[in-house]
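This report concerns only the one structure given below.
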Amino acid sequence: MDLPQTLPPIATVLASLTHQALPGGMADGVDYLTITKSQIDFLNSDKVPKTPEGAISHRVEQLQLWSDFVYMVPPVLGYYGVLTKTRSYLVDAYVQCRLYRQYLRDGSTGLWRHVLLGTRVDGVPNDPGFWSTGNGWAAAGMLRVYATIKNSEFAGSMKNEMNDLKTWVEEVHIAMYSHLLPVAVRYPHVTETTCRIGLVERFTNYADQSPTSARNFYDASSTALMAGTVFRYMVEMRDKKYKYMDRAQTAWDTLFATNSTNLDNGDKLHRPEGQAFVVMLTLLGETGKR
C-alpha cells in the first residue's frame, strides 16, 4: 500500500488509539499501525545512520545525535510494543535511551549535550552545549518510556530497565536544578506605585552559562518543560515529597505570575513548542499535586 508521509510516528500511534482521520480528509479504516511500522522499519534500515553500538541518528543525511531524539523516537517504539504486545520494541526504546545517555551525558556536570557527531550544513561544528530544553527533552522522553513499560504486560520482566530510567531522570534533575537561577522581580500590588519584591526562578537557554553570554537568555520553555518532568516523576513514582517538588512549584508560580511576560527573550517570540510545554506543565502539575 502507499503510505502517507505527512504524519510522524507518534501521530500514527495516537491515530491508531483514537481512530482519527488522517490530514486531507482520508477516512477512518486506514491501518495506522502499518503506517507506524513502516516508519519504525525505516529508522532501523540502512538508510538511517547509526553509531557502532546502534544509536539511531537524529538526522538521515549524516550521523548526528540530538537530545531532542529521546522524546521523539523511544516513546514511539514503546507505544508500538504495547499495541502489538511485542516486548522487543519496549527493549529497543530503553536501549535507545541508554545509548543516547552514553553519548550525550557529560560525566563532570551530569548535563546532557545538545548535538554531537557530524557537522552542520555550513560546516560549523555542532552544538555540544548544555541546552536546557534538550535536557528537558531527555528527561521527558525517558519518563514516557518508563510509564509505558510500567503500564505494560512486560513490567514484571523489565524492572531493571525501569530502575535505570528512573535513575537517569533523577540525574537530569540533579544536574539541571543546580543551575536554576533566582532573580528578584517587582510584583504589582494594590496600585501601580506600590510593589512587593519577590524571587522567581528560571533556567537560562544554556544551563551552565550566564544569561548575558552569547545565545543565552532567561528561558520560559525549558523552565516549563523541566518542571513538568518533576511533576510527571511524582505521578509515576507516587512520590509526593520528591526533593525537587518545591523548585518545580516555584517555576510554576513564576510562569503563571501576572508579570510572566518578563520571561520573554529579546525577540518576544511566542513559539508553539514553548506554549506546548506550558500546557504539559499545567496538566502534569495539577495531577502531580493531587
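Residue numbers start at 1 in each chain; chains themselves are named A, B, ... in the order of the C-alpha cells; ligands are numbered from 1 in the order shown.
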
key: Distance query segment 131-141 of chain A at most 6 Å, only C-alpha atoms, self and fewer than 3 positions along chain excluded, as a list in words   = Ser67, Asp68, Val70, Tyr71, Trp112, His114, Arg144, Val169, Asn205, Tyr206, Ala207, Ser222, Leu225, Met226 and Thr229 of chain A

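The space separating atom CA of Leu117 of chain A from atom CA of Gln62 of chain A comes to 8.7 Å.
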
Each residue of segment 64-120 of chain A with at least one atom at most 9 Å from segment 37-54 of chain A should appear once, together with its nearest atom pair and the corresponding distance in Å (one decimal); atoms considered: only C-alpha atoms; ordering: chain, then increasing residue number; output as a tab-separated table.
```
residue	atom	partner	partner_atom	distance
A:Gln64	CA	A:Pro49	CA	8.3
A:Val73	CA	A:Ile40	CA	8.9
A:Val76	CA	A:Ile40	CA	8.5
A:Leu77	CA	A:Ile40	CA	7.5
A:Tyr80	CA	A:Lys37	CA	8.0
A:Val95	CA	A:Gly54	CA	8.8
A:Gln96	CA	A:Gly54	CA	8.0
A:Leu99	CA	A:Glu53	CA	7.5
```

message = Need the shell around Thr204 of chain A: protein/DNA/RNA residues with any atom at most 9 Å away, counting only C-alpha atoms. Skip same-chain ones fewer than 6 positions apart. Format as a PyMOL selection string?
response = chain A and resi 131-132+179-181+210-211+216-220+222-223

task = Quick one: everything within 12 Å of Asn163 of chain A, counting only C-alpha atoms, minus sequence neighbours fewer than 4 positions away in the same chain. Send it as JSON, numbers by chain.
result = {"A": [94, 142, 143, 145, 146, 147, 149, 150, 155, 156, 157, 158, 159, 167, 168, 169, 170, 237]}

query = Using only C-alpha atoms, which of the listed residues (A:Leu104, A:Leu83, A:Ala214, A:Met245) sits closest to Asn151 of chain A?
reply =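 With only C-alpha atoms as the atom set, the closest residue is A:Leu83.
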
query = Which residues in segment 96-255 of chain A does DSSP call helix (DSSP H, G or I)? List them as a ChimeraX atom specification.
reply = /A:96-104,132-150,155-157,159-177,220-237,245-255

Coordinates-based distance that separates atom CA of Arg247 of chain A from atom CA of Tyr177 of chain A (Å, one decimal) = 7.8 Å

task = Using only C-alpha atoms, find the one residue out of A:Ala251, A:Ala224, A:Val91, A:Val82 that sits nearest to Glu153 of chain A.
result = A:Val82

message = Using DSSP assignments from the backbone, pull out every residue in segment 42-221 of chain A that falls under strand (DSSP E or B) and give it to me as a PyMOL selection string.
response = chain A and resi 50+56+65-66+105+112+115-116+119+125+131+181-189+191-204+206+218-219

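One finds atom CA of Asn160 of chain A at 14.3 Å from atom CA of Arg87 of chain A.
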